[in-house]
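**Q** The structure file my_file.cif (mmCIF, N, CA, C and O atoms) is provided below.
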```cif
data_input
#
loop_
_atom_site.label_atom_id
_atom_site.label_comp_id
_atom_site.auth_asym_id
_atom_site.auth_seq_id
_atom_site.Cartn_x
_atom_site.Cartn_y
_atom_site.Cartn_z
N MET A 774 0.81 -1.18 0.00
CA MET A 774 0.00 0.00 0.00
C MET A 774 0.87 1.26 0.00
O MET A 774 0.52 2.25 -0.63
N ALA A 775 1.98 1.21 0.71
CA ALA A 775 2.86 2.38 0.78
C ALA A 775 3.41 2.75 -0.59
O ALA A 775 3.53 3.93 -0.91
N SER A 776 3.72 1.75 -1.41
CA SER A 776 4.25 2.04 -2.74
C SER A 776 3.25 2.82 -3.57
O SER A 776 3.61 3.74 -4.30
N HIS A 777 2.00 2.46 -3.46
CA HIS A 777 0.95 3.17 -4.20
C HIS A 777 0.74 4.58 -3.61
O HIS A 777 0.53 5.54 -4.34
N ALA A 778 0.81 4.70 -2.31
CA ALA A 778 0.63 5.99 -1.65
C ALA A 778 1.74 6.97 -2.03
O ALA A 778 1.49 8.15 -2.25
N VAL A 779 2.97 6.47 -2.11
CA VAL A 779 4.10 7.31 -2.51
C VAL A 779 3.87 7.86 -3.91
O VAL A 779 4.03 9.06 -4.17
N SER A 780 3.46 7.01 -4.81
CA SER A 780 3.21 7.43 -6.19
C SER A 780 2.13 8.50 -6.26
O SER A 780 2.27 9.50 -6.95
N VAL A 781 1.04 8.28 -5.55
CA VAL A 781 -0.07 9.24 -5.55
C VAL A 781 0.38 10.57 -4.94
O VAL A 781 0.10 11.64 -5.48
N ALA A 782 1.09 10.51 -3.83
CA ALA A 782 1.52 11.74 -3.15
C ALA A 782 2.46 12.56 -4.03
O ALA A 782 2.31 13.78 -4.13
N ILE A 783 3.40 11.90 -4.67
CA ILE A 783 4.38 12.62 -5.48
C ILE A 783 3.74 13.22 -6.72
O ILE A 783 3.95 14.39 -7.03
N ARG A 784 2.97 12.45 -7.44
CA ARG A 784 2.38 12.92 -8.70
C ARG A 784 1.16 13.81 -8.49
O ARG A 784 1.09 14.91 -9.01
N ASP A 785 0.19 13.30 -7.76
CA ASP A 785 -1.10 13.98 -7.67
C ASP A 785 -1.15 15.08 -6.61
O ASP A 785 -1.70 16.15 -6.85
N PHE A 786 -0.58 14.83 -5.46
CA PHE A 786 -0.65 15.81 -4.38
C PHE A 786 0.42 16.89 -4.52
O PHE A 786 0.14 18.08 -4.44
N LEU A 787 1.66 16.48 -4.73
CA LEU A 787 2.76 17.44 -4.81
C LEU A 787 3.02 17.93 -6.23
O LEU A 787 3.64 18.97 -6.42
N GLY A 788 2.60 17.16 -7.22
CA GLY A 788 2.81 17.55 -8.61
C GLY A 788 4.26 17.53 -9.05
O GLY A 788 4.67 18.33 -9.89
N LEU A 789 5.04 16.61 -8.51
CA LEU A 789 6.46 16.52 -8.84
C LEU A 789 6.74 15.40 -9.83
O LEU A 789 6.00 14.43 -9.92
N ASP A 790 7.83 15.54 -10.56
CA ASP A 790 8.28 14.48 -11.46
C ASP A 790 9.31 13.59 -10.77
O ASP A 790 9.46 12.43 -11.09
N HIS A 791 10.08 14.17 -9.84
CA HIS A 791 11.14 13.44 -9.14
C HIS A 791 11.04 13.75 -7.65
O HIS A 791 10.62 14.83 -7.25
N SER A 792 11.46 12.80 -6.85
CA SER A 792 11.38 13.00 -5.42
C SER A 792 12.35 12.07 -4.70
O SER A 792 12.89 11.14 -5.29
N PHE A 793 12.52 12.33 -3.43
CA PHE A 793 13.30 11.49 -2.54
C PHE A 793 12.35 10.98 -1.47
O PHE A 793 11.59 11.76 -0.90
N VAL A 794 12.37 9.68 -1.21
CA VAL A 794 11.47 9.10 -0.21
C VAL A 794 12.30 8.42 0.87
O VAL A 794 13.18 7.61 0.56
N LEU A 795 12.04 8.75 2.10
CA LEU A 795 12.68 8.09 3.24
C LEU A 795 11.68 7.08 3.77
O LEU A 795 10.60 7.43 4.24
N TRP A 796 12.05 5.81 3.68
CA TRP A 796 11.15 4.72 4.07
C TRP A 796 11.58 4.22 5.44
O TRP A 796 12.63 3.62 5.59
N LEU A 797 10.76 4.47 6.46
CA LEU A 797 11.09 4.05 7.82
C LEU A 797 10.36 2.76 8.16
O LEU A 797 9.19 2.59 7.80
N THR A 798 11.04 1.88 8.86
CA THR A 798 10.45 0.60 9.26
C THR A 798 10.64 0.40 10.76
O THR A 798 11.59 0.91 11.35
N PRO A 799 9.74 -0.35 11.39
CA PRO A 799 9.79 -0.50 12.85
C PRO A 799 10.82 -1.51 13.36
O PRO A 799 11.08 -1.56 14.55
N SER A 800 11.38 -2.31 12.46
CA SER A 800 12.34 -3.32 12.93
C SER A 800 13.30 -3.69 11.80
O SER A 800 13.04 -3.45 10.62
N THR A 801 14.41 -4.30 12.18
CA THR A 801 15.40 -4.73 11.20
C THR A 801 14.86 -5.80 10.27
O THR A 801 15.09 -5.72 9.05
N PRO A 802 14.14 -6.80 10.73
CA PRO A 802 13.60 -7.80 9.81
C PRO A 802 12.66 -7.19 8.75
O PRO A 802 12.71 -7.56 7.58
N ILE A 803 11.83 -6.24 9.17
CA ILE A 803 10.94 -5.59 8.20
C ILE A 803 11.74 -4.72 7.25
O ILE A 803 11.45 -4.64 6.05
N ARG A 804 12.76 -4.06 7.75
CA ARG A 804 13.66 -3.26 6.90
C ARG A 804 14.29 -4.14 5.83
O ARG A 804 14.28 -3.80 4.64
N ASP A 805 14.82 -5.28 6.25
CA ASP A 805 15.47 -6.20 5.30
C ASP A 805 14.49 -6.71 4.26
O ASP A 805 14.81 -6.79 3.07
N GLN A 806 13.30 -7.05 4.70
CA GLN A 806 12.26 -7.55 3.80
C GLN A 806 11.85 -6.46 2.79
O GLN A 806 11.71 -6.73 1.60
N THR A 807 11.70 -5.24 3.27
CA THR A 807 11.30 -4.13 2.41
C THR A 807 12.40 -3.81 1.40
O THR A 807 12.12 -3.60 0.21
N LEU A 808 13.64 -3.77 1.85
CA LEU A 808 14.76 -3.52 0.93
C LEU A 808 14.84 -4.58 -0.16
O LEU A 808 15.03 -4.26 -1.34
N LYS A 809 14.70 -5.82 0.24
CA LYS A 809 14.73 -6.92 -0.73
C LYS A 809 13.63 -6.74 -1.78
O LYS A 809 13.86 -6.89 -2.98
N ALA A 810 12.44 -6.39 -1.32
CA ALA A 810 11.31 -6.20 -2.24
C ALA A 810 11.54 -5.02 -3.17
O ALA A 810 11.29 -5.12 -4.38
N LEU A 811 12.02 -3.91 -2.63
CA LEU A 811 12.21 -2.72 -3.46
C LEU A 811 13.36 -2.86 -4.45
O LEU A 811 13.35 -2.23 -5.51
N LYS A 812 14.33 -3.69 -4.13
CA LYS A 812 15.45 -3.92 -5.05
C LYS A 812 15.11 -4.90 -6.17
O LYS A 812 15.77 -4.92 -7.20
N ASP A 813 14.07 -5.69 -5.97
CA ASP A 813 13.64 -6.68 -6.96
C ASP A 813 12.73 -6.02 -7.98
O ASP A 813 11.60 -5.64 -7.67
N ARG A 814 13.22 -5.88 -9.21
CA ARG A 814 12.45 -5.18 -10.25
C ARG A 814 11.13 -5.87 -10.59
O ARG A 814 10.25 -5.25 -11.17
N LYS A 815 10.95 -7.12 -10.22
CA LYS A 815 9.72 -7.84 -10.52
C LYS A 815 8.73 -7.83 -9.36
O LYS A 815 7.61 -8.28 -9.51
N HIS A 816 9.13 -7.30 -8.21
CA HIS A 816 8.26 -7.29 -7.04
C HIS A 816 7.17 -6.23 -7.20
O HIS A 816 7.42 -5.15 -7.75
N PRO A 817 5.96 -6.51 -6.72
CA PRO A 817 4.85 -5.54 -6.85
C PRO A 817 5.13 -4.17 -6.22
O PRO A 817 4.66 -3.16 -6.74
N TYR A 818 5.90 -4.11 -5.12
CA TYR A 818 6.23 -2.81 -4.52
C TYR A 818 7.00 -1.96 -5.52
O TYR A 818 6.69 -0.80 -5.76
N ARG A 819 8.03 -2.55 -6.08
CA ARG A 819 8.88 -1.84 -7.05
C ARG A 819 8.10 -1.50 -8.30
O ARG A 819 8.20 -0.39 -8.83
N SER A 820 7.31 -2.44 -8.78
CA SER A 820 6.50 -2.22 -9.98
C SER A 820 5.53 -1.06 -9.80
O SER A 820 5.33 -0.26 -10.71
N ALA A 821 4.92 -0.97 -8.62
CA ALA A 821 3.98 0.12 -8.35
C ALA A 821 4.68 1.48 -8.41
O ALA A 821 4.14 2.43 -8.98
N LEU A 822 5.88 1.56 -7.87
CA LEU A 822 6.64 2.81 -7.92
C LEU A 822 7.06 3.14 -9.35
O LEU A 822 6.89 4.28 -9.80
N GLU A 823 7.60 2.17 -10.05
CA GLU A 823 8.09 2.42 -11.40
C GLU A 823 6.97 2.72 -12.39
O GLU A 823 7.17 3.49 -13.32
N SER A 824 5.79 2.16 -12.18
CA SER A 824 4.70 2.40 -13.12
C SER A 824 4.26 3.86 -13.10
O SER A 824 3.84 4.39 -14.12
N THR A 825 4.40 4.51 -11.97
CA THR A 825 4.02 5.90 -11.86
C THR A 825 5.20 6.84 -12.00
O THR A 825 5.11 7.87 -12.65
N LEU A 826 6.32 6.48 -11.40
CA LEU A 826 7.46 7.39 -11.31
C LEU A 826 8.53 7.17 -12.35
O LEU A 826 9.41 8.00 -12.51
N GLY A 827 8.50 6.04 -13.02
CA GLY A 827 9.57 5.74 -13.98
C GLY A 827 10.74 5.10 -13.26
O GLY A 827 10.58 4.16 -12.50
N SER A 828 11.90 5.64 -13.46
CA SER A 828 13.13 5.09 -12.88
C SER A 828 13.13 5.24 -11.36
O SER A 828 12.81 6.30 -10.82
N VAL A 829 13.53 4.16 -10.67
CA VAL A 829 13.60 4.15 -9.21
C VAL A 829 14.99 3.66 -8.80
O VAL A 829 15.48 2.68 -9.33
N THR A 830 15.60 4.38 -7.88
CA THR A 830 16.89 3.98 -7.32
C THR A 830 16.69 3.69 -5.84
O THR A 830 16.16 4.54 -5.11
N VAL A 831 17.09 2.52 -5.40
CA VAL A 831 16.95 2.13 -3.99
C VAL A 831 18.32 2.23 -3.33
O VAL A 831 19.28 1.60 -3.75
N LEU A 832 18.38 3.02 -2.27
CA LEU A 832 19.61 3.19 -1.50
C LEU A 832 19.33 2.77 -0.07
O LEU A 832 18.20 2.84 0.40
N GLU A 833 20.36 2.35 0.63
CA GLU A 833 20.20 2.03 2.05
C GLU A 833 21.31 2.66 2.85
O GLU A 833 22.42 2.87 2.36
N LEU A 834 21.00 3.01 4.08
CA LEU A 834 22.00 3.58 4.98
C LEU A 834 22.70 2.47 5.72
O LEU A 834 22.07 1.56 6.22
N GLU A 835 23.97 2.54 5.76
CA GLU A 835 24.76 1.54 6.50
C GLU A 835 25.48 2.20 7.63
O GLU A 835 25.88 3.27 7.61
#
```
How does the structure come out when it is put into structure tokens?

**A**
Amino acid sequence: MASHAVSVAIRDFLGLDHSFVLWLTPSTPIRDQTLKALKDRKHPYRSALESTLGSVTVLELE
């Protein structure tokens, strides 16, 4: 759901073509799961972002 919300917020609410999104998670296991999903170009989370925003770059803080 968050992937779809990000797309709507950036395009429809803010009217931007490009943006930076900080994705916060409540735990390390959920962080790892989310990163894995967003890095996988075939995953629905990533697909939802790319379908609206085009190119997506996933970065992580170490």

**Q** Can you measure atom O of A:Phe786 to atom N of A:Lys812 for me? One decimal in Å is fine.

**A**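 Here the two named atoms are 26.0 Å from each other.
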
**Q** Going by DSSP on the backbone, which residues of stretch 776-834 of chain A come out as alpha helix (DSSP H)? List them as an MDAnalysis selection string.

**A** chainID A and resid 776:781 801:812 817:826

**Q** Would you mind exporting N, CA, C and O atoms of the selected residues as an mmCIF file, in the coordinates of the input?

**A**
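After the write, again19.cif holds the following:
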```cif
data_model
loop_
_atom_site.group_PDB
_atom_site.id
_atom_site.type_symbol
_atom_site.label_atom_id
_atom_site.label_comp_id
_atom_site.auth_asym_id
_atom_site.auth_seq_id
_atom_site.Cartn_x
_atom_site.Cartn_y
_atom_site.Cartn_z
ATOM 1 N N SER A 776 3.720 1.750 -1.410
ATOM 2 C CA SER A 776 4.250 2.040 -2.740
ATOM 3 C C SER A 776 3.250 2.820 -3.570
ATOM 4 O O SER A 776 3.610 3.740 -4.300
ATOM 5 N N HIS A 777 2.000 2.460 -3.460
ATOM 6 C CA HIS A 777 0.950 3.170 -4.200
ATOM 7 C C HIS A 777 0.740 4.580 -3.610
ATOM 8 O O HIS A 777 0.530 5.540 -4.340
ATOM 9 N N ALA A 778 0.810 4.700 -2.310
ATOM 10 C CA ALA A 778 0.630 5.990 -1.650
ATOM 11 C C ALA A 778 1.740 6.970 -2.030
ATOM 12 O O ALA A 778 1.490 8.150 -2.250
ATOM 13 N N VAL A 779 2.970 6.470 -2.110
ATOM 14 C CA VAL A 779 4.100 7.310 -2.510
ATOM 15 C C VAL A 779 3.870 7.860 -3.910
ATOM 16 O O VAL A 779 4.030 9.060 -4.170
ATOM 17 N N SER A 780 3.460 7.010 -4.810
ATOM 18 C CA SER A 780 3.210 7.430 -6.190
ATOM 19 C C SER A 780 2.130 8.500 -6.260
ATOM 20 O O SER A 780 2.270 9.500 -6.950
ATOM 21 N N VAL A 781 1.040 8.280 -5.550
ATOM 22 C CA VAL A 781 -0.070 9.240 -5.550
ATOM 23 C C VAL A 781 0.380 10.570 -4.940
ATOM 24 O O VAL A 781 0.100 11.640 -5.480
ATOM 25 N N THR A 801 14.410 -4.300 12.180
ATOM 26 C CA THR A 801 15.400 -4.730 11.200
ATOM 27 C C THR A 801 14.860 -5.800 10.270
ATOM 28 O O THR A 801 15.090 -5.720 9.050
ATOM 29 N N PRO A 802 14.140 -6.800 10.730
ATOM 30 C CA PRO A 802 13.600 -7.800 9.810
ATOM 31 C C PRO A 802 12.660 -7.190 8.750
ATOM 32 O O PRO A 802 12.710 -7.560 7.580
ATOM 33 N N ILE A 803 11.830 -6.240 9.170
ATOM 34 C CA ILE A 803 10.940 -5.590 8.200
ATOM 35 C C ILE A 803 11.740 -4.720 7.250
ATOM 36 O O ILE A 803 11.450 -4.640 6.050
ATOM 37 N N ARG A 804 12.760 -4.060 7.750
ATOM 38 C CA ARG A 804 13.660 -3.260 6.900
ATOM 39 C C ARG A 804 14.290 -4.140 5.830
ATOM 40 O O ARG A 804 14.280 -3.800 4.640
ATOM 41 N N ASP A 805 14.820 -5.280 6.250
ATOM 42 C CA ASP A 805 15.470 -6.200 5.300
ATOM 43 C C ASP A 805 14.490 -6.710 4.260
ATOM 44 O O ASP A 805 14.810 -6.790 3.070
ATOM 45 N N GLN A 806 13.300 -7.050 4.700
ATOM 46 C CA GLN A 806 12.260 -7.550 3.800
ATOM 47 C C GLN A 806 11.850 -6.460 2.790
ATOM 48 O O GLN A 806 11.710 -6.730 1.600
ATOM 49 N N THR A 807 11.700 -5.240 3.270
ATOM 50 C CA THR A 807 11.300 -4.130 2.410
ATOM 51 C C THR A 807 12.400 -3.810 1.400
ATOM 52 O O THR A 807 12.120 -3.600 0.210
ATOM 53 N N LEU A 808 13.640 -3.770 1.850
ATOM 54 C CA LEU A 808 14.760 -3.520 0.930
ATOM 55 C C LEU A 808 14.840 -4.580 -0.160
ATOM 56 O O LEU A 808 15.030 -4.260 -1.340
ATOM 57 N N LYS A 809 14.700 -5.820 0.240
ATOM 58 C CA LYS A 809 14.730 -6.920 -0.730
ATOM 59 C C LYS A 809 13.630 -6.740 -1.780
ATOM 60 O O LYS A 809 13.860 -6.890 -2.980
ATOM 61 N N ALA A 810 12.440 -6.390 -1.320
ATOM 62 C CA ALA A 810 11.310 -6.200 -2.240
ATOM 63 C C ALA A 810 11.540 -5.020 -3.170
ATOM 64 O O ALA A 810 11.290 -5.120 -4.380
ATOM 65 N N LEU A 811 12.020 -3.910 -2.630
ATOM 66 C CA LEU A 811 12.210 -2.720 -3.460
ATOM 67 C C LEU A 811 13.360 -2.860 -4.450
ATOM 68 O O LEU A 811 13.350 -2.230 -5.510
ATOM 69 N N LYS A 812 14.330 -3.690 -4.130
ATOM 70 C CA LYS A 812 15.450 -3.920 -5.050
ATOM 71 C C LYS A 812 15.110 -4.900 -6.170
ATOM 72 O O LYS A 812 15.770 -4.920 -7.200
ATOM 73 N N PRO A 817 5.960 -6.510 -6.720
ATOM 74 C CA PRO A 817 4.850 -5.540 -6.850
ATOM 75 C C PRO A 817 5.130 -4.170 -6.220
ATOM 76 O O PRO A 817 4.660 -3.160 -6.740
ATOM 77 N N TYR A 818 5.900 -4.110 -5.120
ATOM 78 C CA TYR A 818 6.230 -2.810 -4.520
ATOM 79 C C TYR A 818 7.000 -1.960 -5.520
ATOM 80 O O TYR A 818 6.690 -0.800 -5.760
ATOM 81 N N ARG A 819 8.030 -2.550 -6.080
ATOM 82 C CA ARG A 819 8.880 -1.840 -7.050
ATOM 83 C C ARG A 819 8.100 -1.500 -8.300
ATOM 84 O O ARG A 819 8.200 -0.390 -8.830
ATOM 85 N N SER A 820 7.310 -2.440 -8.780
ATOM 86 C CA SER A 820 6.500 -2.220 -9.980
ATOM 87 C C SER A 820 5.530 -1.060 -9.800
ATOM 88 O O SER A 820 5.330 -0.260 -10.710
ATOM 89 N N ALA A 821 4.920 -0.970 -8.620
ATOM 90 C CA ALA A 821 3.980 0.120 -8.350
ATOM 91 C C ALA A 821 4.680 1.480 -8.410
ATOM 92 O O ALA A 821 4.140 2.430 -8.980
ATOM 93 N N LEU A 822 5.880 1.560 -7.870
ATOM 94 C CA LEU A 822 6.640 2.810 -7.920
ATOM 95 C C LEU A 822 7.060 3.140 -9.350
ATOM 96 O O LEU A 822 6.890 4.280 -9.800
ATOM 97 N N GLU A 823 7.600 2.170 -10.050
ATOM 98 C CA GLU A 823 8.090 2.420 -11.400
ATOM 99 C C GLU A 823 6.970 2.720 -12.390
ATOM 100 O O GLU A 823 7.170 3.490 -13.320
ATOM 101 N N SER A 824 5.790 2.160 -12.180
ATOM 102 C CA SER A 824 4.700 2.400 -13.120
ATOM 103 C C SER A 824 4.260 3.860 -13.100
ATOM 104 O O SER A 824 3.840 4.390 -14.120
ATOM 105 N N THR A 825 4.400 4.510 -11.970
ATOM 106 C CA THR A 825 4.020 5.900 -11.860
ATOM 107 C C THR A 825 5.200 6.840 -12.000
ATOM 108 O O THR A 825 5.110 7.870 -12.650
ATOM 109 N N LEU A 826 6.320 6.480 -11.400
ATOM 110 C CA LEU A 826 7.460 7.390 -11.310
ATOM 111 C C LEU A 826 8.530 7.170 -12.350
ATOM 112 O O LEU A 826 9.410 8.000 -12.510
#
```

**Q** To one decimal in Å, tell me the separation between atom C of A:Ala810 and atom CA of A:Leu789.

**A**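 According to the coordinates, atom C of A:Ala810 and atom CA of A:Leu789 are separated by 22.8 Å.
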
**Q** Would you mind telling me which residue in A:Arg819, A:Thr798, A:Leu826, A:Thr807 lies nearest to A:Asp785 when using only C-alpha atoms?

**A**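 Smallest distance to A:Asp785 is found for A:Leu826.
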
**Q** For atom C of A:Asp813 and atom CA of A:His791, quote the distance in Å rounded to one decimal.

**A**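 Taking atom C of A:Asp813 as the start and atom CA of A:His791 as the end point, the length is 19.6 Å.
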
**Q** Return the single residue from A:Thr830, A:His777, A:Leu787, A:Thr801 that is closest to A:Tyr818, with distances computed using all atoms listed in the file.

**A** A:His777

**Q** Would you please work out which residue, of A:Leu808, A:Leu795, A:Ile803, A:Val831, is nearest to A:Val779 when using only C-alpha atoms?

**A**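 Smallest distance to A:Val779 is found for A:Leu795.
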